[in-house]
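**Student:** One structure coming up, written as structure tokens, with questions to follow.
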Amino acid sequence: MNWGVISENLPLYLEGAKLTLLLTFASLAISFFLAVPLSFLRNSNNRIFRYGVLGYTLVFRGTPLLVQLFLIYFGLAQFGMVRDSVLWPWLSDPLVCVIAAFVLNTTAYTTEIFAGGLRHIPVGEIEAARAFGMSGLTQARRILIPAMLTRSLPLYGNEMIMMLHATSLASTVTLLEVTGVARMITLNYYIQFEPYVTAAAIYLALTFVLVSVFQIVQKRWAGYLETRIG
Amino acid sequence: MIWDYATAILAAGSTTLLVAVSSLIVATLLGLAAAFAKLSGSVALRSLAGAYTFVVRGIPDLVVMLLVFYSLPALLNQGVDALGWDMRIEFSPIAAGIATLGVIFGAYMTETFKTALQNISKGQVEAAIAYGLTRRRMFVRIMMPQLIRLALPGFTNNWLVLAKGTALVSLIGLQDVMFRAKGAAEATAMPFTFYLVAAAFYLLLTMISIALLSLAGRNFDVGIRKLSP
């Protein structure tokens, strides 16, 4: 056993964990602001919007994230137009590509989760909002979005964990997040056991913390949805 | 030329399907066993199943795969060395891939089956006991049909995630759709085209699965009354 190598390289793992968390929360934060309006369009009366958003979510939920990531990171270089554009320094950066792929992917899942939450809001709440004379925007801001978010919390919590785990794919395009660090150590020191076990332990700890925080959040903001006993 | 590469990629669909279906079988069996363990009276079985689902669902699929393919043989080989035997243990990518996906999705199946088992109404089981059915008959005749109906939505979902998850086995060197797409992309300098072919394959697989399983769902829902809207 070579645990000495691991303790020497703990600072690397720490950097890796920082990048893992950055990737997770950056993707989740951007996708949140995209998914809220998209979930309204997904339920819109306009067919073009409704089916347009459905097409997007279907394609991105129906293909592996790994393929999407490779399409963006390796694929875009195929087109001379992209290579010559002013955006190329951005699009050839693995960090940008990874976040773009993660955002596109998780937005598709989050949109469907939020759209489902929106469909399950009791009609009475919306009728009451209209009876109060609220404008469409006020209705959305004060009634629909909060109700939609609290109802979607359990599924959204799952999606956050999925996103945390999905960040491990960033190691396939050279990024040194936790999995990337583990991979690098296996190659540098020629040991196969300890680096991956350490990475697994870090993910397990991060997942545990995230789940615990989520349970508190859910109790605080979605507690009113629970059935009361006694 | 593009056509040749595209057909080579799609031909590897058989490998992808083989891995996916074999892992599904492993996952279903593991999930059933762990679901019964979670609901059993034995504390040891319950905590064992609990630890299994907690650990596996807390680690990314890719890391579990690397653990099974690289770390586990390394550990076994250290044991072999300690015993002084002259041999090297190595897993084939396909076995490691199936085992990994089976173990991962077994954990997700456990939750699906557990909830389904809990939702079978108690009266049904009590009636079966009152009729003097043996445990085995009770499971096959009474619980199984209801379990399938109740677990089908979750099962469908797990299968869809699993089918897409097989793309990861390309990273440990198994020649599946994704692996061939990568080969074609590197050989022709047309990565977008060939990853798009792979994407189309997975999308088609997803669509066909959804269609087939919703048909099956209609079959198992026969005799269940829906609330009128």
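FYI, nothing fancy with the structure tokens labels: chains A, B, ... in order, residues from 1 per chain, ligands from 1 as they appear.
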Give me the residues near Ala200 (chain B) as a list of chain:residue names, where near means some atom within 10 Å (using only C-alpha atoms) and where sequence neighbours in that chain fewer than 4 positions away do not count.
**Tutor:**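 Near neighbours after the sequence-gap exclusion: A:Val59, A:Gly62, A:Thr63, B:Leu10, B:Phe194, B:Tyr195, B:Leu196, B:Leu204, B:Leu205, B:Thr206.
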**Student:** Taking only C-alpha atoms into account and nothing else, which residues of chain B lie no more than 8 Å away from chain A? Please answer as a compact mmCIF listing (two decimals) with N, CA and C atoms, in the first residue's frame.
**Tutor:**
```
# COMPACT_ATOMS: atom_id res chain seq x y z
N VAL B 55 -23.16 3.84 -0.81
CA VAL B 55 -21.83 4.02 -1.38
C VAL B 55 -21.90 4.15 -2.90
N GLY B 58 -23.31 7.30 -4.20
CA GLY B 58 -22.55 8.49 -3.81
C GLY B 58 -21.30 8.72 -4.63
N ILE B 59 -20.99 7.80 -5.54
CA ILE B 59 -19.76 7.90 -6.33
C ILE B 59 -20.13 7.97 -7.81
N PRO B 60 -19.46 8.84 -8.60
CA PRO B 60 -19.77 8.92 -10.03
C PRO B 60 -19.54 7.59 -10.73
N ASP B 61 -20.36 7.33 -11.76
CA ASP B 61 -20.25 6.08 -12.54
C ASP B 61 -18.83 5.86 -13.05
N LEU B 62 -18.25 6.94 -13.57
CA LEU B 62 -16.90 6.82 -14.16
C LEU B 62 -15.90 6.34 -13.11
N VAL B 63 -16.01 6.88 -11.89
CA VAL B 63 -15.06 6.52 -10.84
C VAL B 63 -15.27 5.06 -10.42
N VAL B 64 -16.55 4.63 -10.34
CA VAL B 64 -16.81 3.22 -10.01
C VAL B 64 -16.18 2.33 -11.08
N LEU B 66 -13.57 3.00 -13.04
CA LEU B 66 -12.12 2.99 -12.88
C LEU B 66 -11.72 2.14 -11.68
N LEU B 67 -12.52 2.19 -10.61
CA LEU B 67 -12.23 1.37 -9.43
C LEU B 67 -12.28 -0.11 -9.78
N TYR B 70 -9.37 -0.81 -12.71
CA TYR B 70 -7.95 -0.64 -12.35
C TYR B 70 -7.64 -0.99 -10.90
N SER B 71 -8.47 -0.46 -9.96
CA SER B 71 -8.10 -0.59 -8.55
C SER B 71 -8.30 -2.01 -8.02
N LEU B 72 -9.41 -2.62 -8.41
CA LEU B 72 -9.71 -3.95 -7.88
C LEU B 72 -8.65 -4.98 -8.29
N ALA B 74 -5.60 -4.36 -9.06
CA ALA B 74 -4.36 -3.98 -8.37
C ALA B 74 -4.36 -4.53 -6.95
N LEU B 75 -5.51 -4.40 -6.29
CA LEU B 75 -5.63 -4.90 -4.91
C LEU B 75 -5.48 -6.41 -4.88
N LEU B 160 -33.06 3.79 -19.34
CA LEU B 160 -32.64 4.87 -20.23
C LEU B 160 -31.30 5.45 -19.78
N LYS B 164 -27.51 5.01 -21.82
CA LYS B 164 -26.59 6.11 -22.12
C LYS B 164 -25.28 5.93 -21.34
N GLY B 165 -25.37 5.33 -20.17
CA GLY B 165 -24.18 5.12 -19.34
C GLY B 165 -23.17 4.18 -19.98
N ALA B 167 -21.88 4.40 -22.69
CA ALA B 167 -20.85 5.15 -23.43
C ALA B 167 -19.54 5.20 -22.65
N LEU B 168 -19.64 5.08 -21.32
CA LEU B 168 -18.43 5.16 -20.49
C LEU B 168 -17.48 3.98 -20.70
N MET B 178 -19.27 4.40 -29.01
CA MET B 178 -18.50 5.60 -28.68
C MET B 178 -17.02 5.43 -29.05
N ALA B 189 -10.32 13.32 -39.12
CA ALA B 189 -10.38 14.74 -38.75
C ALA B 189 -11.78 15.31 -38.97
N MET B 190 -12.79 14.44 -38.82
CA MET B 190 -14.17 14.92 -38.89
C MET B 190 -14.92 14.53 -37.62
N PRO B 191 -14.45 15.03 -36.49
CA PRO B 191 -15.03 14.58 -35.22
C PRO B 191 -16.52 14.88 -35.09
N PHE B 192 -16.94 16.06 -35.57
CA PHE B 192 -18.35 16.43 -35.36
C PHE B 192 -19.27 15.43 -36.05
N THR B 193 -18.93 15.11 -37.30
CA THR B 193 -19.76 14.19 -38.08
C THR B 193 -19.94 12.86 -37.35
N TYR B 195 -19.17 11.91 -34.12
CA TYR B 195 -19.82 11.91 -32.81
C TYR B 195 -21.32 12.12 -32.97
N LEU B 196 -21.70 12.82 -34.05
CA LEU B 196 -23.12 13.02 -34.32
C LEU B 196 -23.78 11.68 -34.69
N ALA B 198 -22.83 8.80 -33.54
CA ALA B 198 -22.99 8.11 -32.25
C ALA B 198 -24.19 8.67 -31.50
N ALA B 199 -24.31 10.01 -31.50
CA ALA B 199 -25.44 10.64 -30.80
C ALA B 199 -26.76 10.14 -31.36
N ALA B 200 -26.83 10.04 -32.71
CA ALA B 200 -28.06 9.57 -33.36
C ALA B 200 -28.38 8.15 -32.92
N TYR B 202 -27.65 6.67 -30.02
CA TYR B 202 -28.19 6.66 -28.66
C TYR B 202 -29.60 7.24 -28.62
N LEU B 203 -29.82 8.29 -29.43
CA LEU B 203 -31.15 8.91 -29.45
C LEU B 203 -32.19 7.91 -29.95
N THR B 206 -32.91 5.35 -27.31
CA THR B 206 -33.78 5.92 -26.27
C THR B 206 -35.23 5.94 -26.74
N MET B 207 -35.44 6.44 -27.98
CA MET B 207 -36.80 6.56 -28.50
C MET B 207 -37.49 5.21 -28.59
```
**Student:** So the first atom is CA of Thr110 (chain B) and the second is CA of Ala49 (chain B); what is the distance between them in Å, to one decimal place?
**Tutor:**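 Rounded to one decimal, the two atoms are 8.7 Å apart.
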**Student:** Suppose you want the space between CA of Phe201 (chain B) and CA of Leu30 (chain B); what is it in Å?
**Tutor:**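 Going from CA of Phe201 (chain B) over to CA of Leu30 (chain B) covers 28.1 Å.
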**Student:** Pick out the closest residue to Ser47 (chain B) from this set: B:Ala163, B:Leu215, B:Ala82, B:Ala35. Count only C-alpha atoms.
**Tutor:**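 Under the stated criterion, the closest residue is B:Ala35.
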**Student:** Quick one, how far is CA of Met109 (chain B) from CA of Leu150 (chain B)?
**Tutor:**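 The value is 12.5 Å.
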**Student:** Give me, as a ChimeraX atom specification, all polymer residues having an atom no more than 10 Å from Phe32 (chain A), counting only C-alpha atoms and skipping those fewer than 4 positions away in the same chain.
**Tutor:** /A:26-28,36-38,103,106-107,110-111,114
**Student:** Skipping near chain neighbours, those fewer than 6 positions away, what residues fall within 10 Å of Gly50 (chain B) using only C-alpha atoms, listed as a PyMOL selection string?
**Tutor:** chain B and resi 34-35+37-38+44+107+110
